[in-house]
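In what follows, a single structure is set out as structure tokens and then discussed.
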Amino acid sequence: MSFLKPSLLFLSIVVGIVVTSCDSPPEISNATLINNPNEHVPLAGILSFTSDTPVRATLTITDGEKSQTVTPDPSFSLDHKIPVLGLRPDKTYAVVLSVTDEKQQSIVVDTLKITTPPLPEDFPPIRLTAIEKDALEPGITLINLFRWTGPFDDDKNWGMLVGLDEDGEVVWYYQSDFGIAEGRRMRNGNLFFGGHSDGRMYEVDMLGNTLNLWQPSGVLDELPQNSIAVDTDCFHHDVIELPSGNFLGLGLEVIRYEDFPLELPPGTKRGAVNTANDEIIEFARDGSTVRKYSVANILDPERLGEGSMSRSFYEEVYKNTYDSLEIPIDLTHSNDIYYIEEEDAALVSSYNHCVIYKVDMKTGEIIWMLGDDYGWQKPWSDKLLTAVGDVTWPCHQHGLEMTPRGTLLMFDNGGSRSMPGQEGALTPDKMYSRAVEYRIDEEAGTVEEVWTYGPEQEHFSSVFICDADYMPETGNVLITDGGRFMDDEGNPMNTFGGHQWGRVFEVTYEDDPRKVWEVEIKDPDERYSIYRAQKLKSLYPGLDEPTG
């Protein structure tokens, strides 16, 4: 991928004083505005200046069509290096700098200018297909993309985070030379994301500079330079920042069983096998393990789900450790974790088991399980929630979160809506996905389904990845329908093996929800999937809140 090389833009400043105080106003010097030198984030600038007294800066940024006024950092200081964010490609922007000192005296700085490069020719095509501006959650929609080289082969040398405004226009992006999992905002304002194909975790600022790299150390003889070792084989799917500043995520270990089922139900063949077993791991910023629980000690290790016998997902992790016949099977395929601070508990999703379970993080014990009761034996069957009213159990679900209503929201991928050996599996033409909300009465051990967006509104099916997020200001739900497939004629497919594409859309929270925004990424030549999306109040770190 090629970028236009940014040129530095050093501009003189004319200062106008707009104060009535008899005190001397602050003096500004060495003010410059340059294009971001980091080619990973080309749609950004850096505004630098010094002042003789502590001041804070306010920027008014306009390209003649759209404008924004921001105060990126409310603190006062002498030396300033401010990211200029929210810039559209191939535009010339006027940036007006004004500063205020601790005595509320202000100086307005004449306009500085910056020109952004155009998007690369091979940038993914993003098309706005629906918008109802008055009903939208305000902010920037941050999506992460990964690309495919074929029906089953992801491009391990390409990844992208993209920020879109309400009109679906690109206002920020981060381009990497590795696959990227979901990007989340940290409490310090940086972005935190996993390498989709290398199992690492990255901390990156909004200008694209890598600040920290956490490296799973379990299968490596030598760690990459400047990385922080963490005692697990691989991070996968989800790692979140905790209020304490520690991290909680899904790691991996290998457990060998000498007498284990070797066939999906109703098969009876048994023998020796290596299992890629999930770990729930909390670790500190220095990489040290705070606590760790093996999922093999939480869920029934012999309950096999669709995909439990597959070796392909973690083949890249273990290819240098085991020969092809000994590559561990993907037993539970945990794919999401959500932390409940007030209870010190975690919600975990198992894709292969089609179950969500709540874990007491003080003991590692299951509190409850949400899912179909098929195949669960005691003591796990005693933990299953009982349905109240009409409840459709989730299947191959992703994107768990608790809402301010005290409900559980998720993307229910659906698949065949069955477990191996279970009757009633849906054929591909009947498969459907949905966003769904459940209310759980933990004391009574019950669950009811309270809201959904799915086949009653529109039929769609994503058999992997995806997300559903509660929007705090409007109550809307942001849905990532990112794992779509189509055949050579462009017709929808509900199974793996077609041409990948995805979309993100926002719907109202009503009995009959309506779509108020949608973008799709569908390219007849390139294959793209969207892992997850989220809404940021602002691209500026100090104006947004962390997500988890």
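Going by the structure tokens order, chains are called A, B, ..., each with residues numbered from 1, while ligands are numbered from 1 in the order shown.
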
- Item | strand (DSSP E or B) per DSSP on the backbone: members of range 320-439 of chain A, as a PyMOL selection string | chain A and resi 329-330+334-340+345-350+355-360+365-371+384+386-387+398-402+408-412+434-439

- Please run DSSP on the backbone and report, as a PyMOL selection string, all residues within range 254-394 of chain A that come out as alpha helix (DSSP H). chain A and resi 315-318

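For the set A:Asp344, A:Glu423, A:Asp23, A:Asp487, the residue with the smallest atom-to-atom gap to Thr363 in chain A is A:Asp344, counting only C-alpha atoms.
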
At a cut-off of 12 Å, can you tabulate as a tab-separated table every residue of range 400-500 of chain A near range 176-200 of chain A together with its closest atom pair and the distance in Å to one decimal, using only C-alpha atoms and ordering rows by chain then number?
residue	atom	partner	partner_atom	distance
A:Ile465	CA	A:Ala181	CA	10.2
A:Cys466	CA	A:Glu182	CA	10.4
A:Asp467	CA	A:Glu182	CA	10.3
A:Thr480	CA	A:Glu182	CA	11.6

Generate the output file for the selected residues, C-alpha atoms, as a compact mmCIF listing (two decimals), in the first residue's frame.
# COMPACT_ATOMS: atom_id res chain seq x y z
CA ILE A 465 -17.61 -12.32 14.20
CA CYS A 466 -20.05 -9.32 14.68
CA ASP A 467 -21.25 -7.14 17.57
CA THR A 480 -21.99 -4.98 13.25

- Query: Which residue, A:Ser461, A:Thr392, A:Thr386, A:Asn413, has the smallest gap to Thr446 in chain A when you use only C-alpha atoms?
  - Reply: A:Thr386

Near Tyr432 in chain A, counting only C-alpha atoms, which residues have an atom at most 9 Å away, once you skip same-chain residues fewer than 6 positions from it, shown as a CSV table (one decimal) with C-alpha atoms, in the first residue's frame?
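result.csv written:
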chain,number,residue,atom,x,y,z
A,412,ASP,CA,-26.7,-13.8,18.0
A,413,ASN,CA,-25.1,-15.2,14.8
A,414,GLY,CA,-27.5,-18.1,14.7
A,415,GLY,CA,-25.8,-20.6,12.5
A,416,SER,CA,-27.8,-23.8,12.3
A,454,GLY,CA,-33.7,-9.6,13.3
A,455,PRO,CA,-35.8,-11.5,10.8
A,459,HIS,CA,-33.4,-11.2,7.1
A,460,PHE,CA,-29.6,-11.4,7.4
A,461,SER,CA,-27.0,-14.0,8.4
A,462,SER,CA,-23.4,-13.6,9.6
A,463,VAL,CA,-22.0,-16.9,10.7
A,494,ASN,CA,-25.3,-18.2,4.9
